[in-house]
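Below you'll find the structure, written out as structure tokens, and then a few comments.
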Amino acid sequence: MEELLDGLNESQQQAVVSTEGYIRVIAGAGSGKTRALTNRYAFIVNELGVDPSNMLSVTFTNKAANEMKRRVKKLVDGEQDTGFITTYHGFCVRVLREDIHRLFYPKNFIILDVEDQKILLREIFEDMNLKMNDKTFKRILDKIGMLKGNTHYVQQMILRGAMPDADDSGDLDSQIIQRYLKKQKRVYGLDFDDLLNFTFVLFEQYKEVLEKWQERLYYIQVDEFQDSSLKQFELVKMLAAQHGNLFVVGDPDQTIYEWRGADPKYMVEFDSYFKDAETIFLNRNYRSTPEILSLGNSLIQKNYFRVDKDMITENPSGVKVVHYHGKDENEEAKWVVQQIQEIVSRDGAEWKNIAIMYRANYLSRFIEQELIRENIDYTIFGGFKFFDRKEIKDALAHLRMIAVADDLSFSRIINVPKRQIGKKRMQFLRAKAEEEGLSLYDALKKYVDHERLLRTGAQSFIDAIESLKERQAELSVSELLQEAMQHTGYEAYMREDGDQERLDNLTELLHSIVQYEQSLGEDILLDEYLQMISLYTDDDRDNQKDSVKLMTIHTAKGLEFPYVFVVGMTENVLPNVRALRQRKERALEEERRLAYVAVTRAERELYLTESEGFQNGGQRKYPSRFIFEVNEDLYERIGQIDEALLEEAKEYIRASHHEKPIGIGDSYAKNTRVRHPVFGAGTIQEIDDKKNTYLVFFDQLKAPRPISRNFKKLEKLEE
Ligand SMILES: Nc1ncnc2c1ncn2[C@@H]1O[C@H](COP(=O)(O)OP(=O)(O)OP(=O)(O)O)[C@@H](O)[C@H]1O
């Protein structure tokens, strides 16, 4: 027990031992929530004697899940199954693998990523003789996403047997979408939205399945809860209903996915959903110097819709934060790269200790050019879609052929390398498969001696796959992949192709599997591996190489680096002008939270940079309002901003957007009784006009808290 509490502060310890009931932990940036969550998991297993299969631990990414598994394994008996440390989607896959047959889907359904979705759409476009381009794809994918915003469509997909022929009566887009659903059903593929929706439908229609999971999961904990969507919240709420143990951790100030449905409200109003909910605050930051933290605090205070909480730190003082202003993009890039070189030679820092962050992918370009010029090795996180690369998808399709032999994987590799099975022969196979209700692979096996398939590589392909299928149990996943690449001739084909980068990528894939096998310390099953990979998203790339790391702020979530550069801090970029146009003041707050996330990634030194010039639309570039919002004493400025430009910038900012959200809360008099969504009831003790705050003495807290007068959720209590 001591071991699990050792080195934790009082609030962290409280979080670890709070196992029963509904509990929310509001944990600020760098406050050690990962450590608290991991130790809590171990506490429940080791000290309460609960089996890990009775516990669900939801993380935001697969990478976070793997990291947590690794840490948990060190604390609990290594043999324990940690399969329920997973993402929302990963959990849904578990549920569906057990019971999806009730919805007339096979248990080995496949998971479709965006690339797979595009392949299906491409086929449809071909069938319908339509021209395709990226824009149409995106439009259709967006529409499909909208259709899948609720569960109504699921009913249509789960009807027993094949779906009826596409109805060609609607407009073109809806015809495409109908065909898409039908194709999806044919390959038994579920995309990310389906995973959640099918789970909901399953739970709704088969109460016993829901009850089974409710019964099984005694303890549920959720990380990054501020970024949960309504559906995700409902899912955990439903699951926790039986045993009533739901523990959520998050930081409302770091909600950065509102644009895709996340809502910090479930965190902020947690106690209105669950009456006896307890709240624990983690507000000691272990990551950053006081200089960096104060700047973060000063920035995020400008948000109206938030729970007021200042982070504190006992870390030793460091250097001041720097705002660099350059005369043009070139100068900005040069300055950043020069600083990086200085940091390395001055502090003996490693390249990988340095991160460059930006609001949008395209902003990496000007920095990249300079890094290349100076011969500095760098890696782009996220933007580089490793698992979307052709050779990687091909390699994984081979593994899928061994595991499920689904039509998508089959179509992908049957003629790579060339086996003389082109369009015509594929049409023949498709027709046979359709007529007889077979998969393409089964149709190939059945008709391999048919004259249409003579003089093709069909037989040797079948032999290779079948022999690997037989040996599946005795080989590890990495061995299977290696053998598949050899026996099917894929590796030889790659070698002939001569693209070294592709070969390197294949080696890297193999390497990553070996590493994964080793880090888990247990054998993984092929099915499990494939499932994990198909749930991977861009956020999950891990990279230990000693190189400077470049990434968008979204990708930086949850990470930390000794030295951080936030580049392109220009008005209209951060805050992003399009987001502002679409969602007005809500977006401005989200943009500010993004800036806050970026700033709070830094441990020792933080640099905010921007430069003059013109934006794409011809608009003059101004420094971001977020720089002006921060108290000036908190940073040092390098580079001269002309008076005129400064005035122009401030005028532009004043004029362009609402200064304050509409409908700000009323003004209350001294001694008014109020209710706060997190702190509960309290009395206004004083009003500070200068800071525009109320000093409120909350009944359940020992010291008063300053609450912004603009905070909308401070309600008057009628007593
Ligand atoms: N009790 C502690 N004593 C010393 N260091 C700690 C303690 N708790 C956490 N840390 C360290 O503080 C840093 C931040 O912790 P962690 O990454 O868990 O923060 P977080 O709350 O997830 O942050 P964020 O939400 O900003 O991503 C880590 O380097 C961690 O090792």
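Every chain in the structure tokens has a letter given in the order shown (A, B, ...), and although residue numbers restart at 1 in each chain, ligands are simply numbered from 1 in the order shown.
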ask   = Hey, which residues come within 7 Å of ligand 1 if we count only C-alpha atoms and all ligand atoms? Could you give them as a PyMOL selection string?
value = chain A and resi 7-9+27-35+251+285-287+557-559+600-601
inquiry  = Which residues are close to range 468-481 of chain A, i.e. within 7 Å by only C-alpha atoms, leaving aside same-chain residues fewer than 3 positions away? Reply as number ranges by chain.
reply    = A: 399, 402, 464-465, 484-485, 510, 513-514, 526
message = So that I can check the surroundings of Arg593 in chain A, please list as a ChimeraX atom specification every protein, DNA and RNA residue that reaches within 6 Å of it, counting only C-alpha atoms and ignoring chain neighbours fewer than 2 positions away.
response = /A:253-254,590-591,595-596
ask   = Do you have the CA of Leu217 in chain A-CA of Leu56 in chain A distance handy?
value = 6.4 Å
query = CA of Glu434 in chain A to CA of Tyr180 in chain A: how many Å, to one decimal?
reply = 16.2 Å
Write out as JSON lines a residue-level contact list of range 347-408 of chain A versus range 338-341 of chain A with cut-off 12 Å: for each qualifying residue the closest pair of atoms and the distance in Å to one decimal, counting only C-alpha atoms, rows sorted by chain and residue number upward.
{"residue": "A:Asp347", "atom": "CA", "partner": "A:Gln341", "partner_atom": "CA", "distance": 10.1}
{"residue": "A:Gly348", "atom": "CA", "partner": "A:Gln341", "partner_atom": "CA", "distance": 10.0}
{"residue": "A:Ala349", "atom": "CA", "partner": "A:Ile340", "partner_atom": "CA", "distance": 9.4}
{"residue": "A:Glu350", "atom": "CA", "partner": "A:Ile340", "partner_atom": "CA", "distance": 10.1}
{"residue": "A:Trp351", "atom": "CA", "partner": "A:Ile340", "partner_atom": "CA", "distance": 8.2}
{"residue": "A:Lys352", "atom": "CA", "partner": "A:Ile340", "partner_atom": "CA", "distance": 10.9}
{"residue": "A:Asn353", "atom": "CA", "partner": "A:Ile340", "partner_atom": "CA", "distance": 10.1}
{"residue": "A:Ile354", "atom": "CA", "partner": "A:Ile340", "partner_atom": "CA", "distance": 7.5}
{"residue": "A:Ala355", "atom": "CA", "partner": "A:Ile340", "partner_atom": "CA", "distance": 9.6}
{"residue": "A:Ile356", "atom": "CA", "partner": "A:Ile340", "partner_atom": "CA", "distance": 10.0}
{"residue": "A:Ile367", "atom": "CA", "partner": "A:Gln338", "partner_atom": "CA", "distance": 11.4}
{"residue": "A:Glu370", "atom": "CA", "partner": "A:Gln338", "partner_atom": "CA", "distance": 9.7}
{"residue": "A:Leu371", "atom": "CA", "partner": "A:Gln338", "partner_atom": "CA", "distance": 9.7}
{"residue": "A:Arg373", "atom": "CA", "partner": "A:Gln338", "partner_atom": "CA", "distance": 11.7}
{"residue": "A:Glu374", "atom": "CA", "partner": "A:Gln338", "partner_atom": "CA", "distance": 9.2}
{"residue": "A:Asn375", "atom": "CA", "partner": "A:Gln341", "partner_atom": "CA", "distance": 10.9}
{"residue": "A:Ile376", "atom": "CA", "partner": "A:Gln341", "partner_atom": "CA", "distance": 8.9}
{"residue": "A:Asp377", "atom": "CA", "partner": "A:Ile340", "partner_atom": "CA", "distance": 11.8}
{"residue": "A:Tyr378", "atom": "CA", "partner": "A:Ile340", "partner_atom": "CA", "distance": 11.7}
request  = Would you kindly return, as a list of chain:residue names, each protein, DNA or RNA residue with an atom no farther than 9 Å from any atom of Glu605 in chain A, considering only C-alpha atoms and excluding same-chain residues fewer than 4 positions away?
outcome  =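 Final neighbour list, sorted by chain and number: A:Ser288, A:Thr289, A:Glu291, A:Ile292, A:Gly318, A:Val319, A:Lys320, A:Val321, A:Val322, A:Pro562, A:Tyr563, A:Val564, A:Phe565.
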query = Out of A:Met426, A:Lys183, A:Leu172, A:Phe679, which residue has the shortest atom-to-atom distance to Leu121 in chain A when counting only C-alpha atoms?
reply =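 Answer, going by the shortest atom-to-atom distance: A:Lys183.
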ask   = CA of Glu483 in chain A and CA of Gly498 in chain A, how far apart in Å?
value =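 These two atoms are separated by 20.1 Å.
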Residues of range 77-304 of chain A in strand (DSSP E), written as number ranges by chain = A: 85-87, 110-112, 189-191, 219-222, 246-250, 278-282, 284-285
